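A.B. asks: Have a look at this one.
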Amino acid sequence: MVKACVCGAAGGIGQPLSLLLKLNPLVTELSLYDVVNALGVAADLSHIASPAQVTGYLPPDNGAEKALKDSDIVIIPAGVPRKPGMTRDDLFINAGICATLAQSIAKACPKAFILVISNPVNSTVPIFAEVLKKAGVYDPKRLLGVSHLDIVRASTFVASVVGKPADAAKYVVPVLGGHSGATILPLLSQSQPSIPSEILNDKEKRDALVNRIQFGGDEVVKAKDGAGSATLSMAQAGAEFAEYVLKAAFGGEKVRTVQAYIDLGADAGGAAVQKEIGADLSFFSVNIQLGPGGVEKILPVGDLDDSEKTLLEAAVKELGPSIEKGVSFQPAPP
Ligand code: NAD
Ligand code: LMR
């Protein structure tokens with residue numbers, strides 16, 4: 001029996017994400033929370049013939065806590081998306097929404113896995129951590145910032161550049177760091193299968209590939225021209241990442257290696273990563289092994305080539321202040 005809750009379920013990401021979760025056989029109860037239209041989305045999805053029983057909740061009568069009650073996994077795409085000309089940092093206006101949801105989670109399902117999609121992820125994940133700490137229920141192994149869309153994009157764009165676009169799913173490219181522009185650190189030298197040296201050693205081609213991975217979000221924001229940011233690709237990436245967590249926690253799957261933006265204090269491996277990156281950042285998207293309790297192990301960054309060392313420097317520089325901004329955010333009391 002697995003209860004999943006989506007907060008922001010009526011939004012551009014929330015609706016297709018909820019659909020994909022409704023189709024996931026590991027989910028038996030699907031709870032949808034939003035400040036608008038959650039009941040409509042729930043009624044609609046509830047007609048699909050799959051195991052998950054769907055219920056919708058709106059804010060009145062403690063709707064958030066009712067929706068979250070005893071959830072095993074909470075996925076959060078609540079909040080405002082970007083419009084052209086905005087940076088993800090401009091979305092710090094979502095800080096209050098995240099803090100309030102974290103307070104509700106602390107009361108209603110303190111042991112849930114928490115998957116944060118709401119931007120700016122570099123700051124919203126530290127906000128969740130601080131609120132949960134204050135409530136005395138913080139488990140860094142269970143708080144996961146979802147950077148998986150960067151990994152999905154890396155697979156797609158690399159496969160396209162090497163001339164094998166149909167093999168996108170076969171390309172595994174670690175993307176570490178954070179989730180915005182220069183903080184996104186694609187490790188092309190670690191791609192499996194490897195990227196041919198004529199691309200890796202061609203500065204122009206390589207820079208273009210890195211740039212596309214780092215600014216893939218902007219590509220969508222521009223194309224949508226004021227109608228929001230990535231929703232469908234994010235829903236797919238979010239559902240895939242949720243499935244990894246669910247399989248590791250409840251599906252009896254052997255340990256799986258993925259990347260997520262997490263608290264480096266979650267495991268002893270975090271200190272080793274801080275040494276590798278030469279910075280004492282408290283949050284970073286790292287290679288992790290997932291297990292029944294969430295983050296089972298933080299794995300090393302591994303070898304970087306010169307080009308990646310330069311990218312790492314820029315990522316660290318930009319990420320530090322975003323983490324600090326999240327940590328020092330003062331939410332309204334619950
Ligand atoms: P959207 O506006 O379509 O949907 C957001 C939903 O959140 C709306 O339905 C809204 O009613 C709801 N909401 C607002 N306040 C809420 C609250 N207090 N509690 C519950 N629900 C609330 O936006 P979207 O396109 O779905 O994007 C949502 C967020 O996800 C944005 O911040 C966006 O930047 C972010 N995002 C992150 C990634 C990533 O890779 N992590 C990718 C794409 C988008
Ligand atoms: C993305 O990477 O698509 C998201 O973070 C949304 C955005 O604002 O670009």
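Ordered as shown in the structure tokens, chains take letters A, B, and onward, while each chain numbers its residues from 1 and ligands are numbered from 1 in the order shown.
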Counting only C-alpha atoms and all ligand atoms, which protein, DNA or RNA residues come within 6 Å of ligand 1, given as number ranges by chain?
C.D. replies: A: 7-8, 10-14, 33-36, 77-82, 97, 117-119, 146-147, 149, 228-231, 234
A.B. asks: Hey, can you spit out that residue selection with N, CA and C atoms as a compact mmCIF listing (two decimals), in the first residue's frame?
C.D. replies:
# COMPACT_ATOMS: atom_id res chain seq x y z
N CYS A 7 1.29 17.98 -4.61
CA CYS A 7 0.91 19.33 -4.18
C CYS A 7 1.15 20.28 -5.34
N GLY A 8 0.07 20.90 -5.83
CA GLY A 8 0.13 21.68 -7.07
C GLY A 8 -0.39 20.82 -8.21
N ALA A 10 -3.12 20.60 -9.86
CA ALA A 10 -3.96 21.08 -10.96
C ALA A 10 -3.17 21.90 -11.97
N GLY A 11 -1.86 22.02 -11.77
CA GLY A 11 -1.04 22.87 -12.62
C GLY A 11 -0.55 22.18 -13.89
N GLY A 12 0.27 22.93 -14.62
CA GLY A 12 0.80 22.43 -15.89
C GLY A 12 1.61 21.15 -15.71
N ILE A 13 2.40 21.07 -14.66
CA ILE A 13 3.13 19.83 -14.36
C ILE A 13 2.22 18.88 -13.58
N GLY A 14 1.50 19.46 -12.62
CA GLY A 14 0.72 18.63 -11.69
C GLY A 14 -0.24 17.68 -12.38
N TYR A 33 -3.58 17.70 -4.16
CA TYR A 33 -3.84 18.96 -3.46
C TYR A 33 -3.47 20.14 -4.34
N ASP A 34 -4.36 21.13 -4.36
CA ASP A 34 -4.05 22.38 -5.06
C ASP A 34 -4.97 23.45 -4.48
N VAL A 35 -4.64 24.72 -4.75
CA VAL A 35 -5.50 25.80 -4.26
C VAL A 35 -6.68 26.01 -5.22
N VAL A 36 -6.61 25.41 -6.41
CA VAL A 36 -7.74 25.45 -7.37
C VAL A 36 -7.88 24.08 -8.04
N PRO A 77 5.09 20.12 -7.30
CA PRO A 77 5.25 21.11 -8.37
C PRO A 77 4.33 22.31 -8.14
N ALA A 78 4.24 22.80 -6.90
CA ALA A 78 3.36 23.94 -6.59
C ALA A 78 4.14 25.23 -6.75
N GLY A 79 3.51 26.22 -7.36
CA GLY A 79 4.15 27.52 -7.45
C GLY A 79 4.20 28.06 -8.86
N VAL A 80 4.68 29.28 -8.94
CA VAL A 80 4.66 30.03 -10.20
C VAL A 80 5.81 29.58 -11.12
N PRO A 81 5.52 29.41 -12.43
CA PRO A 81 6.61 29.12 -13.38
C PRO A 81 7.17 30.41 -13.99
N ARG A 82 8.29 30.27 -14.73
CA ARG A 82 8.93 31.44 -15.35
C ARG A 82 8.19 31.93 -16.58
N ILE A 97 5.14 29.48 -0.33
CA ILE A 97 4.33 28.29 -0.66
C ILE A 97 5.06 27.03 -0.19
N ILE A 117 9.98 19.86 -6.77
CA ILE A 117 10.11 20.31 -8.16
C ILE A 117 10.06 21.85 -8.22
N SER A 118 9.33 22.47 -7.31
CA SER A 118 9.11 23.92 -7.33
C SER A 118 10.42 24.69 -7.37
N ASN A 119 10.47 25.67 -8.25
CA ASN A 119 11.68 26.49 -8.41
C ASN A 119 11.67 27.70 -7.50
N VAL A 146 14.38 17.62 -7.19
CA VAL A 146 14.29 16.89 -8.47
C VAL A 146 15.03 17.65 -9.57
N SER A 147 16.22 17.15 -9.89
CA SER A 147 17.01 17.73 -10.99
C SER A 147 16.99 16.77 -12.19
N LEU A 149 15.11 16.32 -14.68
CA LEU A 149 14.87 16.81 -16.05
C LEU A 149 16.19 17.18 -16.73
N GLY A 228 4.32 29.85 -19.84
CA GLY A 228 4.88 28.99 -18.81
C GLY A 228 6.18 28.33 -19.23
N SER A 229 6.57 27.31 -18.47
CA SER A 229 7.84 26.63 -18.73
C SER A 229 7.56 25.14 -18.96
N ALA A 230 8.62 24.34 -18.91
CA ALA A 230 8.46 22.90 -19.20
C ALA A 230 7.44 22.27 -18.26
N THR A 231 6.46 21.59 -18.82
CA THR A 231 5.45 20.91 -17.99
C THR A 231 5.41 19.41 -18.32
N MET A 234 8.74 17.74 -17.76
CA MET A 234 8.97 17.71 -16.30
C MET A 234 8.08 16.66 -15.64
A.B. asks: Please give the complete set of residues from region 97-173 of chain A that DSSP, run on the backbone, assigns to strand (DSSP E), formatted as a PyMOL selection string.
C.D. replies: chain A and resi 113-116+143-145
A.B. asks: Give me, as a ChimeraX atom specification, the residues of region 68-296 of chain A that a backbone DSSP run labels helix (DSSP H, G or I).
C.D. replies: /A:68,88-108,121-134,140-142,148-161,165-170,181-183,188-190,197-200,203-214,216-224,232-250,264-266,269-277
A.B. asks: Quick one, how far is CA of Ala108 (chain A) from CA of Leu68 (chain A)?
C.D. replies: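 These atoms are spaced 5.7 Å apart.
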A.B. asks: Choose the residue, out of A:Gly238, A:Gly85, A:Pro16, A:Gly326, that has the smallest atom-to-atom separation from Asp218 (chain A); count only C-alpha atoms.
C.D. replies: A:Gly85
A.B. asks: Could you list, as a VMD selection string, every residue within 9 Å of Leu299 (chain A), counting only C-alpha atoms and ignoring same-chain residues fewer than 3 positions away?
C.D. replies: chain A and resid 257 269 to 270 272 to 273 286 to 289 302
A.B. asks: Counting only C-alpha atoms, figure out which residue out of A:Glu65, A:Glu219, A:Asp207, A:Asp167 gets nearest to Lys83 (chain A).
C.D. replies: A:Glu219
A.B. asks: How many Å lie between CA of Leu19 (chain A) and CA of Leu45 (chain A), rounded to one decimal?
C.D. replies: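 These two atoms are separated by 6.7 Å.
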A.B. asks: Which residues are near Gly96 (chain A)? Cut-off 8 Å, only C-alpha atoms, ignore same chain within fewer than 4 positions. Put them as a list in words.
C.D. replies: Thr100, Pro331 and Ala332 of chain A
A.B. asks: To one decimal place in Å, what is the distance between CA of Ile184 (chain A) and CA of Ala315 (chain A)?
C.D. replies: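 Computing the Euclidean distance for CA of Ile184 (chain A) and CA of Ala315 (chain A) yields 6.7 Å.
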A.B. asks: Can you tell me which residues surround region 59-64 of chain A at a distance of at most 12 Å, considering only C-alpha atoms, apart from same-chain residues fewer than 2 positions away, and format the answer as a PDB file with N, CA and C atoms, in the first residue's frame?
C.D. replies:
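The resulting file, selection20.pdb, is reproduced below:
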ATOM      1  N   CYS A   5       1.144  11.752  -2.759  1.00  0.00           N
ATOM      2  CA  CYS A   5       0.408  13.017  -2.758  1.00  0.00           C
ATOM      3  C   CYS A   5       1.122  14.007  -3.677  1.00  0.00           C
ATOM      4  N   VAL A   6       0.345  14.676  -4.539  1.00  0.00           N
ATOM      5  CA  VAL A   6       0.906  15.716  -5.409  1.00  0.00           C
ATOM      6  C   VAL A   6       0.394  17.058  -4.916  1.00  0.00           C
ATOM      7  N   CYS A   7       1.295  17.979  -4.607  1.00  0.00           N
ATOM      8  CA  CYS A   7       0.910  19.334  -4.179  1.00  0.00           C
ATOM      9  C   CYS A   7       1.151  20.284  -5.340  1.00  0.00           C
ATOM     10  N   GLY A   8       0.066  20.897  -5.827  1.00  0.00           N
ATOM     11  CA  GLY A   8       0.131  21.683  -7.066  1.00  0.00           C
ATOM     12  C   GLY A   8      -0.386  20.825  -8.213  1.00  0.00           C
ATOM     13  N   ALA A   9      -1.336  19.932  -7.848  1.00  0.00           N
ATOM     14  CA  ALA A   9      -1.772  18.868  -8.771  1.00  0.00           C
ATOM     15  C   ALA A   9      -2.598  19.359  -9.954  1.00  0.00           C
ATOM     16  N   SER A  31      -3.365  11.177  -3.789  1.00  0.00           N
ATOM     17  CA  SER A  31      -4.032  12.308  -3.159  1.00  0.00           C
ATOM     18  C   SER A  31      -3.575  13.587  -3.860  1.00  0.00           C
ATOM     19  N   LEU A  32      -4.547  14.388  -4.304  1.00  0.00           N
ATOM     20  CA  LEU A  32      -4.204  15.566  -5.101  1.00  0.00           C
ATOM     21  C   LEU A  32      -4.576  16.830  -4.351  1.00  0.00           C
ATOM     22  N   TYR A  33      -3.584  17.702  -4.161  1.00  0.00           N
ATOM     23  CA  TYR A  33      -3.840  18.956  -3.456  1.00  0.00           C
ATOM     24  C   TYR A  33      -3.470  20.137  -4.337  1.00  0.00           C
ATOM     25  N   ASP A  34      -4.356  21.127  -4.363  1.00  0.00           N
ATOM     26  CA  ASP A  34      -4.052  22.383  -5.065  1.00  0.00           C
ATOM     27  C   ASP A  34      -4.966  23.446  -4.483  1.00  0.00           C
ATOM     28  N   VAL A  35      -4.638  24.719  -4.748  1.00  0.00           N
ATOM     29  CA  VAL A  35      -5.501  25.801  -4.265  1.00  0.00           C
ATOM     30  C   VAL A  35      -6.678  26.014  -5.217  1.00  0.00           C
ATOM     31  N   VAL A  36      -6.610  25.411  -6.414  1.00  0.00           N
ATOM     32  CA  VAL A  36      -7.737  25.451  -7.365  1.00  0.00           C
ATOM     33  C   VAL A  36      -7.880  24.084  -8.045  1.00  0.00           C
ATOM     34  N   ASN A  37      -9.099  23.732  -8.427  1.00  0.00           N
ATOM     35  CA  ASN A  37      -9.400  22.651  -9.375  1.00  0.00           C
ATOM     36  C   ASN A  37      -8.899  21.246  -9.005  1.00  0.00           C
ATOM     37  N   ALA A  38      -8.462  21.046  -7.763  1.00  0.00           N
ATOM     38  CA  ALA A  38      -7.960  19.706  -7.398  1.00  0.00           C
ATOM     39  C   ALA A  38      -9.086  18.677  -7.440  1.00  0.00           C
ATOM     40  N   LEU A  39     -10.313  19.124  -7.120  1.00  0.00           N
ATOM     41  CA  LEU A  39     -11.430  18.170  -7.098  1.00  0.00           C
ATOM     42  C   LEU A  39     -11.759  17.715  -8.520  1.00  0.00           C
ATOM     43  N   THR A  55      -8.182  10.972  -4.682  1.00  0.00           N
ATOM     44  CA  THR A  55      -8.994  11.933  -3.929  1.00  0.00           C
ATOM     45  C   THR A  55      -8.393  13.330  -4.102  1.00  0.00           C
ATOM     46  N   GLY A  56      -9.253  14.334  -4.223  1.00  0.00           N
ATOM     47  CA  GLY A  56      -8.777  15.710  -4.375  1.00  0.00           C
ATOM     48  C   GLY A  56      -9.083  16.547  -3.152  1.00  0.00           C
ATOM     49  N   TYR A  57      -8.224  17.521  -2.880  1.00  0.00           N
ATOM     50  CA  TYR A  57      -8.401  18.395  -1.718  1.00  0.00           C
ATOM     51  C   TYR A  57      -8.069  19.839  -2.073  1.00  0.00           C
ATOM     52  N   LYS A  66      -5.101  17.171   5.276  1.00  0.00           N
ATOM     53  CA  LYS A  66      -5.912  15.977   4.949  1.00  0.00           C
ATOM     54  C   LYS A  66      -5.329  15.269   3.735  1.00  0.00           C
ATOM     55  N   ALA A  67      -4.950  16.048   2.731  1.00  0.00           N
ATOM     56  CA  ALA A  67      -4.387  15.451   1.516  1.00  0.00           C
ATOM     57  C   ALA A  67      -3.095  14.706   1.829  1.00  0.00           C
ATOM     58  N   LEU A  68      -2.280  15.311   2.692  1.00  0.00           N
ATOM     59  CA  LEU A  68      -0.945  14.754   2.961  1.00  0.00           C
ATOM     60  C   LEU A  68      -0.956  13.614   3.967  1.00  0.00           C
ATOM     61  N   LYS A  69      -2.027  13.511   4.749  1.00  0.00           N
ATOM     62  CA  LYS A  69      -2.080  12.583   5.891  1.00  0.00           C
ATOM     63  C   LYS A  69      -1.527  11.199   5.525  1.00  0.00           C
ATOM     64  N   ASP A  70      -0.464  10.787   6.224  1.00  0.00           N
ATOM     65  CA  ASP A  70       0.140   9.451   6.084  1.00  0.00           C
ATOM     66  C   ASP A  70       0.657   9.138   4.677  1.00  0.00           C
ATOM     67  N   SER A  71       0.970  10.160   3.901  1.00  0.00           N
ATOM     68  CA  SER A  71       1.540   9.884   2.576  1.00  0.00           C
ATOM     69  C   SER A  71       2.918   9.250   2.722  1.00  0.00           C
ATOM     70  N   VAL A  74       5.612  12.474  -1.312  1.00  0.00           N
ATOM     71  CA  VAL A  74       4.953  13.741  -1.675  1.00  0.00           C
ATOM     72  C   VAL A  74       5.770  14.377  -2.795  1.00  0.00           C
ATOM     73  N   ILE A  97       5.142  29.481  -0.335  1.00  0.00           N
ATOM     74  CA  ILE A  97       4.329  28.292  -0.662  1.00  0.00           C
ATOM     75  C   ILE A  97       5.063  27.031  -0.190  1.00  0.00           C
ATOM     76  N   THR A 100       5.120  26.720   3.659  1.00  0.00           N
ATOM     77  CA  THR A 100       3.813  26.321   4.213  1.00  0.00           C
ATOM     78  C   THR A 100       3.556  24.840   3.954  1.00  0.00           C
ATOM     79  N   LEU A 101       3.901  24.372   2.758  1.00  0.00           N
ATOM     80  CA  LEU A 101       3.707  22.942   2.467  1.00  0.00           C
ATOM     81  C   LEU A 101       4.607  22.090   3.374  1.00  0.00           C
ATOM     82  N   ALA A 102       5.833  22.566   3.605  1.00  0.00           N
ATOM     83  CA  ALA A 102       6.750  21.813   4.469  1.00  0.00           C
ATOM     84  C   ALA A 102       6.179  21.710   5.889  1.00  0.00           C
ATOM     85  N   GLN A 103       5.554  22.815   6.358  1.00  0.00           N
ATOM     86  CA  GLN A 103       4.962  22.786   7.703  1.00  0.00           C
ATOM     87  C   GLN A 103       3.829  21.755   7.762  1.00  0.00           C
ATOM     88  N   SER A 104       3.037  21.685   6.683  1.00  0.00           N
ATOM     89  CA  SER A 104       1.932  20.709   6.650  1.00  0.00           C
ATOM     90  C   SER A 104       2.472  19.284   6.591  1.00  0.00           C
ATOM     91  N   ILE A 105       3.542  19.087   5.816  1.00  0.00           N
ATOM     92  CA  ILE A 105       4.156  17.748   5.722  1.00  0.00           C
ATOM     93  C   ILE A 105       4.681  17.322   7.097  1.00  0.00           C
ATOM     94  N   ALA A 106       5.304  18.273   7.801  1.00  0.00           N
ATOM     95  CA  ALA A 106       5.864  17.953   9.123  1.00  0.00           C
ATOM     96  C   ALA A 106       4.782  17.430  10.060  1.00  0.00           C
ATOM     97  N   LYS A 107       3.569  17.962   9.900  1.00  0.00           N
ATOM     98  CA  LYS A 107       2.472  17.519  10.783  1.00  0.00           C
ATOM     99  C   LYS A 107       1.826  16.237  10.273  1.00  0.00           C
ATOM    100  N   ALA A 108       1.611  16.160   8.952  1.00  0.00           N
ATOM    101  CA  ALA A 108       0.727  15.110   8.419  1.00  0.00           C
ATOM    102  C   ALA A 108       1.454  13.843   7.962  1.00  0.00           C
ATOM    103  N   CYS A 109       2.705  13.978   7.544  1.00  0.00           N
ATOM    104  CA  CYS A 109       3.409  12.786   7.024  1.00  0.00           C
ATOM    105  C   CYS A 109       4.918  12.988   7.156  1.00  0.00           C
TER     106      CYS A 109
END
A.B. asks: Out of A:Leu20, A:Ala279, A:Lys224, A:Ala135, which residue has the shortest atom-to-atom distance to Pro334 (chain A) when counting only C-alpha atoms?
C.D. replies: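 Of A:Leu20, A:Ala279, A:Lys224, A:Ala135, the one nearest Pro334 (chain A), counting only C-alpha atoms, is A:Ala135.
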A.B. asks: Which of these residues is nearest to ligand 2, using only C-alpha atoms and all ligand atoms: A:Lys275, A:Arg212, A:Lys170, A:Lys317?
C.D. replies: A:Arg212
